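Q: You'll find model.cif just under this line, and it carries mmCIF, C-alpha atoms.
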data_my_file
#
loop_
_atom_site.label_atom_id
_atom_site.label_comp_id
_atom_site.auth_asym_id
_atom_site.auth_seq_id
_atom_site.Cartn_x
_atom_site.Cartn_y
_atom_site.Cartn_z
CA MET B 1 265.41 -3.24 177.54
CA ARG B 2 268.24 -1.80 175.54
CA ALA B 3 271.64 -0.74 176.76
CA GLU B 4 270.76 2.95 176.26
CA ALA B 5 267.84 2.70 178.70
CA LEU B 6 270.23 1.36 181.29
CA LYS B 7 272.59 4.27 181.01
CA GLY B 8 273.33 5.60 184.45
CA HIS B 9 271.94 2.52 186.18
CA LEU B 10 274.28 -0.20 185.00
CA ASP B 11 276.73 0.42 187.82
CA GLY B 12 274.05 0.02 190.48
CA ILE B 13 272.67 -3.08 188.77
CA LEU B 14 276.11 -4.69 188.64
CA LEU B 15 276.69 -3.91 192.30
CA ALA B 16 273.33 -5.48 193.15
CA VAL B 17 274.21 -8.64 191.22
CA LEU B 18 277.45 -8.90 193.18
CA GLU B 19 275.78 -8.32 196.53
CA PRO B 20 275.17 -12.01 197.38
CA GLY B 21 278.78 -12.95 196.70
CA PRO B 22 281.71 -12.96 194.29
CA ARG B 23 281.04 -13.81 190.63
CA HIS B 24 282.98 -13.91 187.40
CA GLY B 25 282.02 -11.96 184.29
CA TYR B 26 279.87 -14.55 182.57
CA ALA B 27 278.07 -15.52 185.76
CA ILE B 28 277.27 -11.83 186.27
CA MET B 29 275.77 -11.70 182.77
CA GLU B 30 273.66 -14.78 183.48
CA GLN B 31 272.42 -13.24 186.70
CA LEU B 32 271.50 -10.04 184.87
CA ARG B 33 269.39 -12.10 182.48
CA VAL B 34 267.77 -14.19 185.18
CA ARG B 35 267.04 -11.30 187.51
CA SER B 36 265.63 -9.15 184.73
CA GLY B 37 263.46 -12.02 183.51
CA GLY B 38 265.32 -11.95 180.19
CA GLN B 39 264.49 -8.25 179.72
CA LEU B 40 268.05 -7.08 179.72
CA ASP B 41 269.52 -6.75 176.27
CA LEU B 42 273.20 -6.00 176.61
CA PRO B 43 276.07 -7.37 174.53
CA THR B 44 278.06 -9.48 176.96
CA GLY B 45 281.32 -7.95 175.77
CA THR B 46 280.31 -4.51 177.01
CA LEU B 47 279.86 -5.80 180.54
CA TYR B 48 283.58 -6.22 181.11
CA PRO B 49 284.62 -2.58 180.64
CA ALA B 50 281.86 -1.60 183.08
CA LEU B 51 283.27 -4.03 185.65
CA HIS B 52 286.76 -2.65 185.13
CA ARG B 53 285.45 0.87 185.71
CA LEU B 54 283.85 -0.21 188.99
CA GLU B 55 287.11 -1.84 189.97
CA ARG B 56 289.01 1.36 189.28
CA ALA B 57 286.55 3.32 191.39
CA GLY B 58 287.20 0.90 194.25
CA LEU B 59 283.61 -0.35 194.32
CA VAL B 60 284.53 -3.92 193.40
CA ARG B 61 287.69 -5.92 193.78
CA ALA B 62 288.84 -8.40 191.14
CA SER B 63 291.13 -11.38 191.34
CA TRP B 64 291.99 -14.28 189.07
CA SER B 65 290.90 -17.68 190.26
CA GLU B 66 291.03 -21.08 188.69
CA ALA B 67 288.24 -23.62 188.67
CA GLY B 68 287.61 -26.58 186.40
CA GLY B 69 290.85 -25.90 184.55
CA ARG B 70 289.74 -22.41 183.58
CA ARG B 71 291.09 -19.13 184.88
CA ARG B 72 288.44 -16.54 185.53
CA ARG B 73 288.49 -13.03 186.82
CA VAL B 74 286.22 -12.95 189.84
CA TYR B 75 284.61 -9.75 191.12
CA GLU B 76 283.39 -9.00 194.60
CA LEU B 77 281.94 -5.95 196.32
CA THR B 78 284.17 -3.81 198.49
CA PRO B 79 282.77 -2.03 201.57
CA ALA B 80 282.67 1.13 199.43
CA GLY B 81 280.72 -0.83 196.81
CA ARG B 82 278.14 -1.84 199.41
CA GLY B 83 277.81 1.79 200.44
CA ALA B 84 277.39 2.86 196.82
CA LEU B 85 274.73 0.19 196.33
CA ASP B 86 272.76 1.50 199.33
CA THR B 87 273.00 5.04 197.98
CA GLU B 88 271.89 3.89 194.53
CA ARG B 89 268.93 2.03 196.01
CA GLY B 90 267.83 5.05 198.01
CA ALA B 91 268.14 7.36 195.03
CA TRP B 92 266.22 4.96 192.79
CA SER B 93 263.36 4.58 195.30
CA GLU B 94 262.96 8.33 195.50
CA PHE B 95 263.18 8.74 191.75
CA SER B 96 260.79 5.93 190.90
CA ALA B 97 258.28 7.06 193.55
CA ALA B 98 258.31 10.58 192.10
CA ILE B 99 257.89 9.34 188.53
CA THR B 100 255.14 6.92 189.52
CA THR B 101 253.23 9.79 191.08
CA LEU B 102 253.77 12.04 188.09
CA LEU B 103 252.67 9.41 185.59
CA ARG B 104 249.54 8.45 187.48
CA PRO B 105 246.39 9.01 185.40
CA ALA B 106 244.58 12.23 186.29
CA SER B 107 241.42 10.28 187.15
CA LEU B 108 243.24 8.79 190.11
CA GLU B 109 244.37 12.15 191.44
CA PRO B 110 242.67 13.25 194.62
CA SER B 111 240.24 15.97 193.57
CA ALA B 112 241.07 19.48 194.54
CA PRO B 113 239.11 20.93 197.46
CA MET D 114 271.62 -6.31 169.14
CA SER D 115 269.81 -9.08 170.92
CA PRO D 116 271.49 -12.04 172.50
CA LEU D 117 271.09 -14.65 169.83
CA GLY D 118 270.87 -17.45 172.29
CA ALA D 119 268.04 -16.09 174.37
CA HIS D 120 265.60 -18.57 172.87
CA VAL D 121 267.91 -21.51 172.75
CA ARG D 122 269.40 -21.48 176.16
CA PRO D 123 267.43 -21.93 179.34
CA ALA D 124 267.89 -18.88 181.49
CA GLY D 125 270.08 -19.18 184.51
CA LEU D 126 272.07 -22.11 183.37
CA GLY D 127 274.89 -20.92 185.54
CA MET D 128 278.53 -21.51 185.05
CA PRO D 129 279.73 -24.79 183.69
CA GLY D 130 280.29 -27.32 186.38
CA ARG D 131 283.36 -29.28 187.20
CA GLY D 132 284.80 -31.38 184.45
CA ALA D 133 284.27 -28.63 181.90
CA PRO D 134 286.49 -29.24 178.93
CA PRO D 135 289.90 -27.58 179.04
CA ASP D 136 290.19 -24.24 177.32
CA LEU D 137 289.92 -25.44 173.79
CA THR D 138 290.76 -22.61 171.52
CA ASP D 139 288.11 -22.57 168.87
CA PRO D 140 289.38 -20.90 165.69
CA GLN D 141 286.24 -18.72 165.55
CA ALA D 142 286.78 -17.59 169.11
CA GLU D 143 290.43 -16.87 168.49
CA ARG D 144 289.59 -14.85 165.38
CA TYR D 145 287.05 -12.87 167.38
CA LEU D 146 289.50 -12.24 170.21
CA ALA D 147 292.18 -11.23 167.72
CA ALA D 148 289.71 -8.76 166.19
CA VAL D 149 289.14 -7.22 169.62
CA MET D 150 292.86 -7.29 170.44
CA THR D 151 293.92 -5.37 167.33
CA ARG D 152 291.48 -2.61 168.29
CA LEU D 153 292.82 -2.27 171.83
CA PRO D 154 295.45 0.37 172.53
CA GLY D 155 297.59 0.21 175.65
CA THR D 156 300.39 -1.97 176.88
CA ALA D 157 300.77 -5.55 175.70
CA ARG D 158 300.26 -6.76 179.26
CA HIS D 159 297.03 -4.86 179.80
CA ARG D 160 295.68 -6.05 176.45
CA ALA D 161 296.63 -9.65 177.17
CA GLU D 162 294.83 -9.49 180.49
CA ILE D 163 291.67 -8.12 178.88
CA ILE D 164 291.77 -10.79 176.17
CA ALA D 165 292.33 -13.55 178.74
CA GLU D 166 289.23 -12.42 180.61
CA LEU D 167 287.15 -12.20 177.45
CA ARG D 168 288.41 -15.64 176.39
CA SER D 169 287.27 -17.25 179.63
CA GLY D 170 283.89 -15.50 179.32
CA LEU D 171 283.54 -16.68 175.73
CA LEU D 172 284.36 -20.24 176.77
CA ASP D 173 281.84 -20.07 179.62
CA ALA D 174 279.19 -18.83 177.21
CA THR D 175 280.06 -21.59 174.73
CA ASP D 176 279.76 -24.18 177.50
CA ALA D 177 276.35 -22.84 178.42
CA TYR D 178 275.15 -23.23 174.83
CA ARG D 179 276.63 -26.70 174.63
CA ALA D 180 274.86 -27.67 177.81
CA ALA D 181 271.66 -26.50 176.13
CA GLY D 182 272.26 -28.97 173.32
CA LEU D 183 274.27 -27.09 170.71
CA THR D 184 277.47 -28.40 169.18
CA ALA D 185 280.73 -26.78 170.27
CA GLU D 186 280.98 -24.96 166.98
CA GLN D 187 277.39 -23.67 167.07
CA GLY D 188 277.79 -22.75 170.72
CA CYS D 189 280.89 -20.77 170.01
CA ARG D 190 279.17 -18.92 167.17
CA MET D 191 276.26 -18.06 169.46
CA ALA D 192 278.64 -16.95 172.21
CA ILE D 193 280.44 -14.65 169.78
CA GLY D 194 277.12 -13.18 168.66
CA GLU D 195 276.18 -12.61 172.26
CA PHE D 196 279.44 -10.86 173.07
CA GLY D 197 278.83 -8.29 170.36
CA ASP D 198 280.73 -6.45 167.68
CA PRO D 199 284.52 -6.59 168.33
CA ALA D 200 284.89 -2.87 167.60
CA ARG D 201 282.23 -2.01 170.16
CA VAL D 202 283.68 -4.33 172.78
CA ALA D 203 287.17 -2.90 172.22
CA SER D 204 285.95 0.70 172.32
CA GLY D 205 284.33 -0.02 175.67
CA PHE D 206 287.80 -0.63 177.05
CA HIS D 207 289.39 2.50 175.59
CA ALA D 208 288.50 4.71 178.55
CA GLU D 209 289.81 2.10 180.98
CA ILE D 210 293.06 1.71 179.09
CA ALA D 211 293.51 5.48 178.87
CA ALA D 212 292.83 5.77 182.60
CA ALA D 213 295.31 3.02 183.46
CA GLN D 214 297.98 4.64 181.30
CA SER D 215 297.35 8.10 182.75
CA ARG D 216 297.61 6.70 186.22
CA LYS D 217 300.85 4.97 185.43
CA VAL D 218 302.37 8.10 183.92
CA ALA D 219 301.18 10.32 186.76
CA GLY D 220 302.43 7.84 189.34
CA THR D 221 305.84 7.61 187.68
CA LEU D 222 306.14 11.39 187.56
CA LEU D 223 305.14 11.57 191.20
CA LEU D 224 307.82 9.05 192.16
CA THR D 225 310.63 10.36 189.97
CA GLY D 226 309.92 14.04 190.63
CA PRO D 227 311.30 14.18 194.18
CA LEU D 228 314.22 11.97 193.15
CA VAL D 229 315.29 14.22 190.28
CA GLY D 230 314.58 17.29 192.40
CA LEU D 231 316.79 16.00 195.21
CA LEU D 232 319.64 15.38 192.76
CA TRP D 233 319.42 18.99 191.61
CA ILE D 234 319.27 20.28 195.16
CA ALA D 235 322.27 18.07 196.04
CA THR D 236 324.10 19.52 193.06
CA ALA D 237 323.38 23.03 194.25
CA LEU D 238 324.39 22.27 197.82
CA CYS D 239 327.57 20.32 196.98
CA SER D 240 328.78 22.84 194.45
CA HIS D 241 330.56 25.96 195.54
CA LEU D 242 327.84 28.26 194.50
CA GLY D 243 327.40 29.98 197.81
CA VAL D 244 323.87 28.73 197.95
CA ARG D 245 321.56 28.75 200.83
CA PHE D 246 319.12 25.88 200.98
CA ALA D 247 316.11 27.95 200.14
CA ILE D 248 317.46 29.45 196.95
CA PRO D 249 319.91 27.23 195.13
CA TRP D 250 322.15 28.98 192.66
CA HIS D 251 321.52 32.21 194.45
CA HIS D 252 325.14 33.08 194.11
CA ALA D 253 324.97 33.00 190.35
CA GLY D 254 322.75 35.90 191.07
CA ALA D 255 322.01 36.97 187.56
CA ALA D 256 318.44 37.97 186.97
CA ALA D 257 318.22 35.34 184.22
CA THR D 258 319.10 32.59 186.70
CA GLU D 259 316.54 33.77 189.19
CA ALA D 260 313.91 33.92 186.48
CA GLY D 261 314.95 30.41 185.44
CA LEU D 262 314.48 29.15 188.98
CA LEU D 263 311.07 30.75 189.19
CA LEU D 264 310.12 29.05 185.95
CA VAL D 265 311.36 25.72 187.31
CA ALA D 266 309.19 26.23 190.37
CA ALA D 267 306.21 27.09 188.17
CA ALA D 268 306.77 24.00 185.99
CA VAL D 269 307.03 21.81 189.08
CA ALA D 270 303.81 23.31 190.44
CA VAL D 271 302.00 22.64 187.16
CA THR D 272 303.34 19.07 187.16
CA VAL D 273 302.15 18.45 190.69
CA CYS D 274 298.68 19.88 190.00
CA ALA D 275 298.30 17.92 186.77
CA VAL D 276 299.48 14.71 188.46
CA ALA D 277 296.90 15.29 191.19
CA VAL D 278 294.12 15.79 188.63
CA SER D 279 295.18 12.70 186.72
CA LEU D 280 295.33 10.48 189.79
CA GLY D 281 292.12 11.99 191.15
CA SER D 282 290.21 11.35 187.93
CA THR D 283 291.28 7.74 187.70
CA GLY D 284 291.17 6.45 191.26
CA SER D 285 288.49 6.00 193.86
CA LEU D 286 287.49 9.67 193.56
CA THR D 287 285.74 8.71 190.31
CA ARG D 288 282.88 7.52 192.49
CA TRP D 289 281.96 11.13 193.12
CA LEU D 290 283.43 12.96 190.16
CA PRO D 291 281.46 13.28 186.96
CA ASP D 292 282.90 10.87 184.46
CA ARG D 293 284.73 12.94 181.89
CA PRO D 294 286.68 10.66 179.58
CA GLY D 295 289.95 12.18 178.50
CA ARG D 296 290.45 14.42 181.50
CA ALA D 297 292.94 12.07 183.13
CA SER D 298 294.84 11.57 179.88
CA ALA D 299 295.01 15.29 179.22
CA ALA D 300 296.18 15.94 182.77
CA ALA D 301 298.83 13.21 182.55
CA ALA D 302 300.08 14.65 179.25
CA ILE D 303 300.21 18.16 180.75
CA ALA D 304 302.09 16.76 183.75
CA GLY D 305 304.54 15.08 181.39
CA PHE D 306 305.17 18.22 179.37
CA ALA D 307 305.48 20.37 182.50
CA ALA D 308 308.01 17.89 183.92
CA ILE D 309 309.92 18.14 180.65
CA GLY D 310 309.86 21.91 181.10
CA ALA D 311 311.23 21.65 184.63
CA ASP D 312 313.96 19.22 183.59
CA GLY D 313 314.84 21.25 180.52
CA LEU D 314 315.13 24.42 182.57
CA GLY D 315 317.32 22.63 185.09
CA LEU D 316 319.61 21.51 182.30
CA ALA D 317 319.66 25.02 180.84
CA LEU D 318 320.65 26.45 184.23
CA LEU D 319 323.37 23.83 184.48
CA ALA D 320 324.63 24.74 181.02
CA ALA D 321 324.66 28.41 182.03
CA GLN D 322 326.62 27.59 185.16
CA LEU D 323 329.09 25.54 183.13
CA ASP D 324 329.54 28.52 180.90
CA LEU D 325 329.93 30.99 183.75
CA ALA D 326 332.02 29.11 186.28
CA PRO D 327 332.42 25.40 185.65
CA GLY D 328 334.93 25.07 188.46
CA ARG D 329 332.30 25.80 191.06
CA LEU D 330 330.18 22.79 190.11
CA SER D 331 330.49 19.54 191.96
CA PRO D 332 330.76 17.13 189.03
CA VAL D 333 329.28 13.94 190.47
CA PRO D 334 325.87 15.24 191.59
CA ALA D 335 325.75 17.57 188.58
CA CYS D 336 326.27 14.66 186.19
CA ALA D 337 323.77 12.49 188.06
CA ALA D 338 321.16 15.25 188.01
CA ALA D 339 321.76 15.93 184.32
CA VAL D 340 321.49 12.24 183.39
CA ALA D 341 318.35 11.83 185.50
CA SER D 342 316.72 14.87 183.92
CA LEU D 343 317.67 13.80 180.41
CA ALA D 344 316.28 10.32 180.98
CA ARG D 345 313.10 11.77 182.40
CA ILE D 346 312.70 14.16 179.47
CA LEU D 347 312.88 11.26 177.03
CA LEU D 348 310.51 9.06 179.02
CA ALA D 349 308.05 11.84 179.81
CA ARG D 350 307.93 12.87 176.18
CA ARG D 351 307.05 9.37 175.08
CA ALA D 352 304.55 8.91 177.90
CA ALA D 353 302.83 12.25 177.29
CA ARG D 354 302.47 11.53 173.59
CA HIS D 355 301.08 8.11 174.38
CA CYS D 356 298.50 9.67 176.72
CA LEU D 357 297.44 12.11 174.02
CA ALA D 358 297.16 9.27 171.50
CA LEU D 359 294.97 7.31 173.93
CA ARG D 360 292.90 10.39 174.56
CA ALA D 361 292.27 10.63 170.83
CA THR D 362 290.77 7.12 170.86
CA LEU D 363 288.05 8.21 173.29
CA SER D 364 284.78 9.16 171.72
#
Please lay out the structure from this file as structure tokens.

A:
Amino acid sequence: MRAEALKGHLDGILLAVLEPGPRHGYAIMEQLRVRSGGQLDLPTGTLYPALHRLERAGLVRASWSEAGGRRRRVYELTPAGRGALDTERGAWSEFSAAITTLLRPASLEPSAP
Amino acid sequence: MSPLGAHVRPAGLGMPGRGAPPDLTDPQAERYLAAVMTRLPGTARHRAEIIAELRSGLLDATDAYRAAGLTAEQGCRMAIGEFGDPARVASGFHAEIAAAQSRKVAGTLLLTGPLVGLLWIATALCSHLGVRFAIPWHHAGAAATEAGLLLVAAAVAVTVCAVAVSLGSTGSLTRWLPDRPGRASAAAAIAGFAAIGADGLGLALLAAQLDLAPGRLSPVPACAAAVASLARILLARRAARHCLALRATLS
């Protein structure tokens, strides 16, 4: 899955990855790989600007934290981010249901009366 | 490009545990980060923060490869490959940097506007111009002065609108607004130039008053207002140009 195919959905995907709890940039990338079964093909460096955009929109909150002698910028969902994730999920369900129906082979269509 | 390490590293290795080595600065990593850094516009502080975040990500990625059995040097090379082309990574930040700068400029104009405005109003009220609060310099009376005041009001109105657009396109409203890169920078630049217009007109009116009847002016507030407007003209000019330059970096 290339970055272009993700266009328009990356924000929702990032919000979903952050839903269970706060994560730093690289951990988010790892989660994207794990949860997509290795299907996601995105240069790690491009993830950070997307996170900054979400932060600016107030959907995530970022703070520096230190662990194991390393400072990391940790992201977590804001209440607005949770709301946006719900909206994104609803929109995607509708969209994917419609496309699934449209792409169904004609042989499976109920025959016209 | 594909993540080079996809086949080497077990998926879901997670972040390095406790006892991870301190942030060793690998020369390759530093060269990579420097390549990103030189392509980032914006303030030194903003750039340093971005690079610090990328550095910790790069180190985390290197650790993950090391945990999968690679040497530190190989791991770092893989991590760099995974992060992607420095130009592409840097360009991803351009919109964010432009937005941050626009917001800063718009916020500064919003804060300084009332301050400078109050100094001018104080000048008008303290001076013996026979003013009423609503129409400062009314006494000067000449049509040119009145036209000047109307222009000041128009410039202030444009500044306020442009500041609102700039703040609106860079804050939490971006959740609902279509993402149009460059809008905030353009609005911030317009706000800056309009503020320059308002300040310049104020100074021109002051010069006219000095020419007509200098004795009527109260010197302290007049000087304070003039200095404040001059300072703001210089700052706004620089800031507006900077916003336009950042806007030009957006694809």

Q: Show me, as a tab-separated table, the residues of chain B having an atom within 8 Å of chain D, each with the closest atom pair and its distance in Å, using all atoms listed in the file.

A:
residue	atom	partner	partner_atom	distance
B:Gly25	CA	D:Gly170	CA	6.4
B:Tyr26	CA	D:Gly170	CA	5.3
B:Ala27	CA	D:Met128	CA	6.0
B:Glu30	CA	D:Gly125	CA	5.8
B:Gln31	CA	D:Gly125	CA	6.7
B:Arg33	CA	D:Ala124	CA	7.0
B:Val34	CA	D:Gly125	CA	5.5
B:Gly38	CA	D:Ala124	CA	7.5
B:Asp41	CA	D:Ser115	CA	5.8
B:Leu42	CA	D:Ser115	CA	7.3
B:Pro43	CA	D:Phe196	CA	5.1
B:Thr44	CA	D:Phe196	CA	4.4
B:Gly45	CA	D:Phe196	CA	4.4
B:Thr46	CA	D:Val202	CA	5.4
B:Tyr48	CA	D:Leu167	CA	7.9
B:Pro49	CA	D:Phe206	CA	5.2
B:Ala50	CA	D:Gly205	CA	8.0
B:His52	CA	D:Glu209	CA	7.0
B:Arg53	CA	D:Glu209	CA	6.5
B:Arg56	CA	D:Gly284	CA	5.9
B:Ala57	CA	D:Ser285	CA	4.1
B:Gly58	CA	D:Ser285	CA	5.3
B:Ala67	CA	D:Arg131	CA	7.6
B:Gly68	CA	D:Arg131	CA	5.1
B:Gly69	CA	D:Pro135	CA	5.8
B:Arg70	CA	D:Asp136	CA	6.5
B:Arg71	CA	D:Ser169	CA	6.8
B:Arg72	CA	D:Ser169	CA	6.1
B:Arg73	CA	D:Glu166	CA	6.3

Q: Please indicate the distance in Å from atom CA of Ala317 of chain D to atom CA of Arg350 of chain D, rounded to one decimal place.

A: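 Computed distance, atom CA of Ala317 of chain D to atom CA of Arg350 of chain D, equals 17.5 Å.
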
Q: Quick one: pull the distance between atom CA of Ile164 of chain D and atom CA of Pro79 of chain B, Å, one decimal.

A: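 Going from atom CA of Ile164 of chain D over to atom CA of Pro79 of chain B, I get 28.3 Å.
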
Q: Record the distance separating atom CA of Leu223 of chain D and atom CA of Ala337 of chain D, expressed in Å with one decimal.

A: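 So the two atoms, atom CA of Leu223 of chain D and atom CA of Ala337 of chain D, lie 18.9 Å apart.
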
Q: Any chance you could resolve the PyMOL selection byres ((chain B and resi 78) around 8) against this file and give the residues as a ChimeraX atom specification?

A: /B:58-61,76-77,79-82

Q: Which residues are close to Phe306 of chain D, i.e. within 9 Å by all atoms listed in the file, leaving aside same-chain residues fewer than 5 positions away? Reply as a list in words.

A: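 Near neighbours after the sequence-gap exclusion: Ala268, Thr272, Ala301, Ala311, Ile346, Ala349, Arg350 and Ala353 of chain D.
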
Q: With C-alpha atoms retained, export the selected residues as a PDB file, keeping the file's coordinate frame.

A:
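Just written: out_36.pdb:
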ATOM      1  CA  ALA D 268     306.770  24.000 185.990  1.00  0.00           C
ATOM      2  CA  THR D 272     303.340  19.070 187.160  1.00  0.00           C
ATOM      3  CA  ALA D 301     298.830  13.210 182.550  1.00  0.00           C
ATOM      4  CA  ALA D 311     311.230  21.650 184.630  1.00  0.00           C
ATOM      5  CA  ILE D 346     312.700  14.160 179.470  1.00  0.00           C
ATOM      6  CA  ALA D 349     308.050  11.840 179.810  1.00  0.00           C
ATOM      7  CA  ARG D 350     307.930  12.870 176.180  1.00  0.00           C
ATOM      8  CA  ALA D 353     302.830  12.250 177.290  1.00  0.00           C
TER       9      ALA D 353
END
